[in-house]
Amino acid sequence: MSDRSAGGAREGDEPRAGRRFLFVVPPLAGHINPTLGVGAELTARGHQVAWAGTPEAIGRSAVDGATVFRCAGPSLGEGGAARPADVRGPGALKFLWERFLVPLAEAMAPGVRAAVEEFRPDVVVADQQAVAGGLVAEQLGVRWATSATTSAEFTGALDGMPRVGAWLEGLLEELRDRVGDPAGTADPRFSPHLVLAFTTEELAGRPVRAAERIRFVGPSIAARPGAPGFPWDWLDPARPAVLVTLGTVSANAGARFLAVCREAVRARAGRLQAVLVDPAGALDTAPGAPRDADVLVVPGVPQLPLLARVAAVVCHAGHNTVCEALWHGVPLVMAPIRDDQPVVAGQVVAAGAGVRVRFGRVTAAGLGEALDTVLYEPGHRAAAERVKASFRAAGGAASAADHLEQLAARAAARPPS
């Protein structure tokens with residue numbers, strides 16, 4: 001991966017084989033990860049791929065040799081984008097857009113524009129929350145697709161809050177006036193050409209908006225660097241193991257919840273094991289303490305290989321974590337915190353693949369009962385296996401690459417005005 005500050009197109013560039021695809025992503029792991037498998041698939045087919053975003057967030061997982069055009073922008077949780085832990089509901093949505101996503105779009109837009117002018121993509125693939133991608137592509141007349149790493153907005157989650165929906169639409173119109181084409185009409189969250197949904201209808205249900213443009217391709221699962229030195233020998237094959245994780249964005253809000261999880265597992269000592277992901281060091285763990293046979297507290301895990309070994313996942317209902325768990329047929333206990341998480345948790349419950357608890361109020365006894373339910377009542381695992389089957393059949397990265405190739409061919413045949 002090469003890190004480049006976007007500049008003007010270079011004279012004398014050699015012609016490149018195949019098509020060119022530029023992925024525009026926010027500095028959020030759950031939004032970057034699905035693009036990695038798609039990018040690798042496109043590269044294997046002879047196309048050129050690049051990313052526009054934060055190289056440090058994209059990391060070494062991008063396709064070997066791919067260019068990452070550096071775009072300015074904040075990270076969620078830093079400076080003015082540091083959300084108080086108790087912000088929930090519409091307040092959390094307002095904070096997310098006003099304090100993070102809109103400033104991110106304004107900061108990224110110049111870098112995205114320069115990347116498009118230098119890389120000359122046939123198609124821009126813009127994440128739902130990196131709306132600078134869609135706005136700049138629309139302004140420059142480049143065909144673009146949406147990379148939808150959460151399905152919450154397809155379900156009409158804001159239909160019951162018309163004032164909130166109108167506020168958000170107004171916010172996006174004002175943003176377009178500043179960084180895009182004021183005469184444009186496309187919603188930058190939903191490309192008019194193609195929306196790639198990294199899920200299936202078996203989990204997300206039928207969409208109520210952008211349905212004619214959505215292509216359900218299932219999760220795009222690609223190998224990525226994991227936490228080194230994980231003690232695989234700690235896992236006891238005679239006991240079910242549980243992974244407890246709150247993802248990368250919500251980790252700092254989870255001290256109480258992680259403590260409740262630890263207590264629930266301790267009450268089941270000898271019957272199960274739990275790996276608790278605690279990147280913020282919220283749990284008191286004495287250095288050099290004897291190895292605990294029931295609870296392992298670590299700052300990070302190799303999540304994909306670990307999911308192949310666990311019997312249940314306890315999480316915040318982040319879309320990426322949920323889909324990776326269900327890709328492995330693992331049922332879930334979910335404690336949604338904010339943003340799209342309540343909607344995603346509702347989808348899992350409706351599919352029968354998990355249960356929901358209250359993040360701020362669940363007790364160790366209540367969490368333990370939820371764990372027992374998904375571990376020992378077979379219906380949840382059966383439902384998780386059904387979703388897994390739908391994910392595998394949808395095609396993932398290969399299916400996404402097919403749709404992007406078709407869009408690129410249409411763009412070459414009839415460029416947009």
# chains A, B, ... in the order shown; residues from 1 in each chain; ligands from 1
call {"tool": "residues_around", "arguments": {"residues": "A:Trp97", "least_positions_apart": "5", "cutoff": "9 Å", "atoms": "only C-alpha atoms", "output": "list in words"}}
result
Ala92, Val102, Pro103, Leu168 and Leu171 of chain A
call {"tool": "write_last_selection", "arguments": {"atoms": "all heavy atoms", "output": "PDB file, in the first residue's frame"}}
result
ATOM      1  N   ALA A  92     -28.104  11.293  19.593  1.00  0.00           N
ATOM      2  CA  ALA A  92     -26.891  10.662  19.077  1.00  0.00           C
ATOM      3  C   ALA A  92     -26.794  10.827  17.563  1.00  0.00           C
ATOM      4  O   ALA A  92     -25.708  11.056  17.023  1.00  0.00           O
ATOM      5  CB  ALA A  92     -26.879   9.183  19.447  1.00  0.00           C
ATOM      6  N   VAL A 102     -20.665  15.433   8.842  1.00  0.00           N
ATOM      7  CA  VAL A 102     -20.599  16.639   8.002  1.00  0.00           C
ATOM      8  C   VAL A 102     -19.196  17.243   8.017  1.00  0.00           C
ATOM      9  O   VAL A 102     -18.634  17.540   6.948  1.00  0.00           O
ATOM     10  CB  VAL A 102     -21.675  17.658   8.421  1.00  0.00           C
ATOM     11  CG1 VAL A 102     -21.412  19.026   7.782  1.00  0.00           C
ATOM     12  CG2 VAL A 102     -23.057  17.154   8.005  1.00  0.00           C
ATOM     13  N   PRO A 103     -18.566  17.446   9.202  1.00  0.00           N
ATOM     14  CA  PRO A 103     -17.167  17.925   9.169  1.00  0.00           C
ATOM     15  C   PRO A 103     -16.243  16.981   8.407  1.00  0.00           C
ATOM     16  O   PRO A 103     -15.315  17.428   7.729  1.00  0.00           O
ATOM     17  CB  PRO A 103     -16.791  18.005  10.652  1.00  0.00           C
ATOM     18  CG  PRO A 103     -18.089  18.203  11.362  1.00  0.00           C
ATOM     19  CD  PRO A 103     -19.091  17.407  10.577  1.00  0.00           C
ATOM     20  N   LEU A 168     -32.342  16.059   8.545  1.00  0.00           N
ATOM     21  CA  LEU A 168     -31.178  15.440   7.941  1.00  0.00           C
ATOM     22  C   LEU A 168     -31.104  15.759   6.451  1.00  0.00           C
ATOM     23  O   LEU A 168     -30.020  16.054   5.914  1.00  0.00           O
ATOM     24  CB  LEU A 168     -31.204  13.933   8.174  1.00  0.00           C
ATOM     25  CG  LEU A 168     -30.028  13.131   7.613  1.00  0.00           C
ATOM     26  CD1 LEU A 168     -28.699  13.703   8.089  1.00  0.00           C
ATOM     27  CD2 LEU A 168     -30.154  11.655   8.016  1.00  0.00           C
ATOM     28  N   LEU A 171     -29.787  19.169   6.082  1.00  0.00           N
ATOM     29  CA  LEU A 171     -28.354  19.209   6.383  1.00  0.00           C
ATOM     30  C   LEU A 171     -27.540  18.771   5.165  1.00  0.00           C
ATOM     31  O   LEU A 171     -26.506  19.380   4.832  1.00  0.00           O
ATOM     32  CB  LEU A 171     -28.076  18.293   7.569  1.00  0.00           C
ATOM     33  CG  LEU A 171     -26.757  18.483   8.329  1.00  0.00           C
ATOM     34  CD1 LEU A 171     -26.770  19.794   9.091  1.00  0.00           C
ATOM     35  CD2 LEU A 171     -26.544  17.321   9.300  1.00  0.00           C
TER      36      LEU A 171
END
call {"tool": "residues_around", "arguments": {"residues": "A:Val298", "least_positions_apart": "2", "cutoff": "7 Å", "atoms": "only C-alpha atoms", "output": "PyMOL selection string"}}
result
chain A and resi 276-278+296+300
call {"tool": "closest_residue", "arguments": {"among": "A:Ser191, A:Ser75, A:Thr185, A:Asn320", "to": "A:Ala145", "atoms": "only C-alpha atoms"}}
result
A:Ser191
call {"tool": "closest_residue", "arguments": {"among": "A:Arg20, A:Arg239, A:His316, A:Arg309", "to": "A:Leu258", "atoms": "only C-alpha atoms"}}
result
A:His316
call {"tool": "select_by_dssp", "arguments": {"residues": "stretch 39-153 of chain A", "states": "alpha helix (DSSP H)", "output": "PyMOL selection string"}}
result
chain A and resi 39-44+55-58+89-95+102-119+132-140
